[in-house]
Each structure stands twice: as C-alpha cells, then as structure tokens.
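I have placed the structure first, in the form of structure tokens, so that the comments after it can refer back to it.
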Amino acid sequence: MKRRIIKWLYWSFCIVIFSHTLVMGQCTNQVLHTTGSAMVGAVNVTVTSTGRVDNYSSYCPAVTRPFFIGYNFGAGMSGPGSFTFTFSPPVTGMTLNFSGASCTGTDCEEIRLTINGAHYAMSGPGSNNACDPMAVITGAGDLRGCANCGVSGWSGTNISGPPMSSLTVEDFVIGGTPNGSLFSLFLCNVVLDAEWLDFQATLQENQQVALDWATQTEINNDFFTVERSTDGLVWEALGTVDAGNHPERRQNYAFQDAHPHAGINHYRIGQTSLDGATNYGETRSVTVLSGGGIHISPNPANDFVQIELPDAESAVVIVRNQLGQLVDAPREVLTDRIVLHTSELARGIYFLEIKTAASSYTHKLVLK
C-alpha cells in the first residue's frame, strides 16, 4: 500500500510539472508523401525509395495506403523494392499497417524492417486489417504472407523505444514473382518515460547471456521487465529491474540470463511507467551453441584474440565498438580458428558478431 501511495504522489507531481507537454501516445500522424520531405506533426520526414515501388491507394485504402513495395505500375513488373524514411527530430513511436503480402506456391515475399541501420525483428502481429487473412512472423521477425492465402496482412505493428532517426520497409522476394505489398505509416506523439541509449545481449564464456542497457532523462519510470523468446512470437518474463528515475543523467542497468535455451534466444526489455503503461525497445538475439561449439580466448585480450569454431573458413566475424560502429581488425583465417590481431585497437570494450551457416551470436570482448 505504501508503495502505491508513493507512486500516486510521484505520478501526480509529474502531471503537474509536465502537463504542458504530456501527449497521449496514439500514432495518428500519417505519412502520406512518397518522395521528398514534408512535416508530419512536428517531425520533418524525408522519403526516398529504391527498386520496385509505387503510390497506391485503391486496395484497403482505410488501412494501408499509400506505399506499395515490390511492384511498379509504370514498368508493370514485380521485384524487390523499399521505402526509407528519415525523421528529424527522431521519433519514439510509430505504427505500420500491412496488406497484400503473398506466399503462394513459388511466388513468395517477405517484408523486412530496418531501424537506425539495424534489422528490426517484429515481435508479433497486431489485428486483422479487415482486408486480408492474417500474415505470419518468421523466426527472424519478418512478415511473410500466409501459405497459399493469395494475399495477407495485419494492422497495428507498434514500435516504440530508443529514438528512431530512420526506417526502411523492404519487400524481399523469397522466390518467383510475387505481387508486392502495401503499407501505411503513422507517427506517435510520445513523451518518453525513459530515453533509451543502448541495449546489448552478449553470450559469455560460461554460456550465460549478459543483458546490458542504458537510459537517460527518466521522468516517471517504474521498472523494467526482461523478456525472452525462442521464436520471436511467444515471450516469457525472466525478471524485473527497478528503475533509477534519474531525470538528468545516464542510468545503466544489467540482467543475467543464467539458463538460456540451446539455439536462438531473442531478448527485449519492457519499460513500465508509473501509470502502468508498458513500452518495448529493440530486440536483440544471441545463439547458444550446444556443446560449446565456439570458444574465444584470451578475454580480456591484448595483442590478439583467437576464435575457435568448426568450419572457420566459412564464418563471418564482425567487430563493433561500444557505439555500434564497425571496427577493422586484421585477421588470419585457418580451418578451425580465426585469429584477430588487436594490438592497434584502442583499449576498451568491443562486441564480436560471429555468424556461421547454422547460427550467429554476439560476444563481448575486453581489450586491456
């Protein structure tokens, strides 16, 4: 009871202080231009496109207009296509509605989202859009037409979390000549309960997963919930972490998943405000290999780090710094290991993204 009273007093105080800027989080500002720049609400939105794209408003117009990817009327041809949106200032929430995705016989396509230059895994469908059967979510978090439906889609793919400065919506051809997909985009007016700065999921040597995230300018944040999924559809809560509620400085958080599943583990953080509303940030994924198929040593490292794994010659190793920037590290590739030469890199924390034909995961590396 005491905790609830404190929450109520704090929330009441926040309403008084922030009442002149507090706006409900509904996504109602629709983006309607298909090229160039325009103001949408208080955001300058620039739209560019590549491949097969068009402006289409006749099919399911109340839900999914005007963006048409994967088809071009002028050329009368289907094929990969994408729209890219840049936002100034960055947005903190958006909603996308989809229709027309097909996967019939050999003619199959997927809709893939990229946010701030990184793949975004959709966590699950919204509601039926009244025009199509429900589409499906792949294991990687992409939208695919339901098998032999002709066309499919849904409404209400809600995305919120760290400030988003760019979004790309791509129609990717899996096979054949599908007919393209339609979508609409709405921006939200949101006052952040917590401004997200970073989120990392790292597989450690002991096969546990370390989750680290950071926020800034928390104003009415209550707690975080750490969730895990093996398919990107069904999520389980692993635990909660109390919020620091520091309005003017960075706040770092950590959580340890001591028992991840063998295979791919998807992670997301739910941020719950004092009024009970919950928003989710981006999704991170790691792969836990049974039998310890990948071994990295030494760690911490100095002049070199050795990555032992089966079929090393076909593996891809990407090195990123704490800001997520790509870092060039000279390497030697042998049949059973990859040796990274790190003597010229600045001392600090890095993340190794290791991808094989069967799996991928991220590993934290410390250079001292």
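Naming works like this for the structure tokens: A, B, ... for the chains as they're shown, residue 1 at the start of each chain, ligands 1 onward in shown order.
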Next item on the list: Quick one: everything within 9 Å of Glu109 of chain A, counting only C-alpha atoms, minus sequence neighbours fewer than 6 positions away in the same chain. Send it as a ChimeraX atom specification.
Entry: /A:70,80,101-103,143-145,171-181
Note to self: List the spatial neighbours of segment 44-58 of chain A as a PyMOL selection string - criterion: any atom at most 7 Å away, only C-alpha atoms, same-chain residues fewer than 2 positions off excluded.
What the structure shows: chain A and resi 34-40+42+60-61+65-73+78-88
Check: Near Ala210 of chain A, within 9 Å and counting only C-alpha atoms, which residues show up once chain neighbours fewer than 4 positions away are dropped, as a list in words?
Finding: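 The filter keeps Gln200, Ala201, Thr202, Leu203, Gln204, Ala254, Phe255, Gln256, Asp257 and Ala258 of chain A.
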Notebook entry, point to check: What are the DSSP strand (DSSP E or B) residues of segment 146-176 of chain A, as an MDAnalysis selection string?
Noted result: chainID A and resid 152:175
Written selection (N, CA and C atoms) as a compact mmCIF listing (two decimals), in the first residue's frame:
```
# COMPACT_ATOMS: atom_id res chain seq x y z
N SER A 152 -2.12 -11.44 -47.72
CA SER A 152 -2.36 -11.41 -46.27
C SER A 152 -1.70 -10.17 -45.69
N GLY A 153 -2.07 -9.85 -44.44
CA GLY A 153 -1.51 -8.68 -43.79
C GLY A 153 -2.05 -8.53 -42.39
N TRP A 154 -1.81 -7.36 -41.78
CA TRP A 154 -2.40 -7.04 -40.49
C TRP A 154 -2.25 -5.56 -40.19
N SER A 155 -2.95 -5.12 -39.17
CA SER A 155 -2.86 -3.74 -38.71
C SER A 155 -2.21 -3.71 -37.33
N GLY A 156 -1.57 -2.59 -37.04
CA GLY A 156 -1.11 -2.36 -35.67
C GLY A 156 0.22 -2.94 -35.31
N THR A 157 1.23 -2.84 -36.21
CA THR A 157 2.58 -3.18 -35.81
C THR A 157 3.16 -1.97 -35.09
N ASN A 158 3.14 -1.99 -33.77
CA ASN A 158 3.53 -0.83 -32.97
C ASN A 158 4.99 -0.95 -32.55
N ILE A 159 5.75 0.11 -32.78
CA ILE A 159 7.18 0.12 -32.47
C ILE A 159 7.47 1.33 -31.59
N SER A 160 8.10 1.09 -30.46
CA SER A 160 8.48 2.20 -29.58
C SER A 160 9.78 1.85 -28.89
N GLY A 161 10.47 2.86 -28.40
CA GLY A 161 11.72 2.61 -27.70
C GLY A 161 12.71 3.71 -27.92
N PRO A 162 13.97 3.36 -28.24
CA PRO A 162 15.00 4.39 -28.41
C PRO A 162 14.64 5.33 -29.54
N PRO A 163 15.14 6.57 -29.53
CA PRO A 163 14.86 7.50 -30.63
C PRO A 163 15.23 6.88 -31.98
N MET A 164 14.29 6.95 -32.93
CA MET A 164 14.49 6.33 -34.24
C MET A 164 14.62 7.42 -35.29
N SER A 165 15.79 7.49 -35.93
CA SER A 165 16.05 8.51 -36.93
C SER A 165 15.80 8.03 -38.35
N SER A 166 15.71 6.70 -38.55
CA SER A 166 15.46 6.19 -39.90
C SER A 166 14.71 4.87 -39.83
N LEU A 167 13.90 4.63 -40.87
CA LEU A 167 13.15 3.39 -41.02
C LEU A 167 13.16 3.00 -42.49
N THR A 168 13.49 1.74 -42.78
CA THR A 168 13.38 1.20 -44.13
C THR A 168 12.41 0.04 -44.12
N VAL A 169 11.45 0.07 -45.04
CA VAL A 169 10.49 -1.02 -45.20
C VAL A 169 10.78 -1.64 -46.56
N GLU A 170 11.18 -2.91 -46.56
CA GLU A 170 11.64 -3.58 -47.78
C GLU A 170 10.77 -4.78 -48.09
N ASP A 171 10.41 -4.91 -49.37
CA ASP A 171 9.77 -6.14 -49.85
C ASP A 171 10.88 -7.01 -50.46
N PHE A 172 11.13 -8.14 -49.81
CA PHE A 172 12.22 -9.04 -50.22
C PHE A 172 11.61 -10.26 -50.89
N VAL A 173 12.04 -10.54 -52.11
CA VAL A 173 11.50 -11.66 -52.87
C VAL A 173 12.19 -12.95 -52.43
N ILE A 174 11.40 -13.87 -51.86
CA ILE A 174 11.92 -15.18 -51.47
C ILE A 174 12.05 -16.08 -52.70
N GLY A 175 11.08 -15.99 -53.60
CA GLY A 175 11.11 -16.79 -54.81
C GLY A 175 9.99 -16.41 -55.75
```
Notebook entry, point to check: With only C-alpha atoms as the basis for distance, which of A:Val63, A:Leu309, A:Val286, A:Ala118 is at the shortest distance from Leu182 of chain A?
Noted result: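 Going through A:Val63, A:Leu309, A:Val286, A:Ala118 one by one, the smallest distance to Leu182 of chain A is for A:Val63.
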Next item on the list: May I ask which of the residues A:Val316, A:Ile115, A:Ala243, A:Ile264 is the closest one to Thr230 of chain A, counting only C-alpha atoms?
Entry: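 Among the listed residues, the smallest separation from Thr230 of chain A belongs to A:Ile264.
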Checklist line | For atom CA of Val43 of chain A and atom CA of Leu113 of chain A, the interatomic separation in Å (one decimal) | finding: 20.1 Å
Item checked: Nearest to Pro300 of chain A by atom-to-atom distance, counting only C-alpha atoms, from A:Thr342, A:Asn129, A:Asn97, A:Thr240 ->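 Closest candidate: A:Thr342.
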Margin query: Could you list, as a ChimeraX atom specification, every residue within 7 Å of Ile269 of chain A, counting only C-alpha atoms and ignoring same-chain residues fewer than 6 positions away?
Written below: /A:224-227,280-281
Note to self: Excluding Ser273 of chain A and its own-chain neighbours fewer than 6 positions away, which residues fall within 6 Å of it when counting only C-alpha atoms? Please give them as a ChimeraX atom specification.
What the structure shows: /A:220-222
Go ahead and write the residues just picked, N, CA, C and O atoms, as a PDB file, in the first residue's frame.
```
ATOM      1  N   ASN A 220       9.125   9.317 -15.221  1.00  0.00           N
ATOM      2  CA  ASN A 220       8.083   8.635 -14.443  1.00  0.00           C
ATOM      3  C   ASN A 220       8.151   7.129 -14.681  1.00  0.00           C
ATOM      4  O   ASN A 220       7.161   6.456 -14.840  1.00  0.00           O
ATOM      5  N   ASN A 221       9.369   6.627 -14.675  1.00  0.00           N
ATOM      6  CA  ASN A 221       9.629   5.221 -14.945  1.00  0.00           C
ATOM      7  C   ASN A 221       9.491   4.413 -13.649  1.00  0.00           C
ATOM      8  O   ASN A 221       9.936   4.854 -12.597  1.00  0.00           O
ATOM      9  N   ASP A 222       8.881   3.232 -13.726  1.00  0.00           N
ATOM     10  CA  ASP A 222       8.681   2.393 -12.551  1.00  0.00           C
ATOM     11  C   ASP A 222       9.665   1.226 -12.529  1.00  0.00           C
ATOM     12  O   ASP A 222      10.470   1.091 -11.614  1.00  0.00           O
TER      13      ASP A 222
END
```
Next item on the list: Calculate how many Å separate atom CA of Asp107 of chain A from atom CA of Ala62 of chain A, rounding to one decimal.
Entry: 26.6 Å
Margin query: Between A:Met122, A:Cys188, A:Gln30, A:His266, which residue has the minimum interatomic distance to Pro90 of chain A, considering only C-alpha atoms?
Written below: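 Of the candidates, the smallest distance to Pro90 of chain A is held by A:Cys188.
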Margin query: So that I can see what lies close to Gly348 of chain A, please list as a list of chain:residue names the residues with an atom at most 8 Å from it, counting only C-alpha atoms and leaving out residues fewer than 3 positions away in the same chain.
Written below: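 Answer for this query is A:Val366, A:Leu367, A:Lys368.
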Restricted to N, CA and C atoms, what would the selected residues look like written as a compact mmCIF listing (two decimals), in the first residue's frame?
```txt
# COMPACT_ATOMS: atom_id res chain seq x y z
N VAL A 366 36.98 -7.68 -24.20
CA VAL A 366 37.64 -6.58 -23.49
C VAL A 366 39.12 -6.55 -23.91
N LEU A 367 39.57 -5.38 -24.36
CA LEU A 367 40.98 -5.18 -24.68
C LEU A 367 41.60 -4.34 -23.59
N LYS A 368 42.71 -4.79 -23.03
CA LYS A 368 43.34 -4.06 -21.93
C LYS A 368 44.82 -3.81 -22.23
```
Note to self: Ranking A:Phe199, A:Phe98, A:Phe223, A:Phe351 by minimum distance to Gly270 of chain A and counting only C-alpha atoms, which one comes first?
What the structure shows: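 The answer is A:Phe223, which sits nearest to Gly270 of chain A.
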Notebook entry, point to check: Nearest to Val288 of chain A among A:His363, A:His246, A:Arg268, A:His341, with distances taken over only C-alpha atoms: which residue is it?
Noted result: A:His363
Next item on the list: Work out how far atom CA of Ile111 of chain A is from atom CA of Cys131 of chain A, in Å to one decimal.
Entry: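 Computed distance, atom CA of Cys131 of chain A to atom CA of Ile111 of chain A, equals 17.5 Å.
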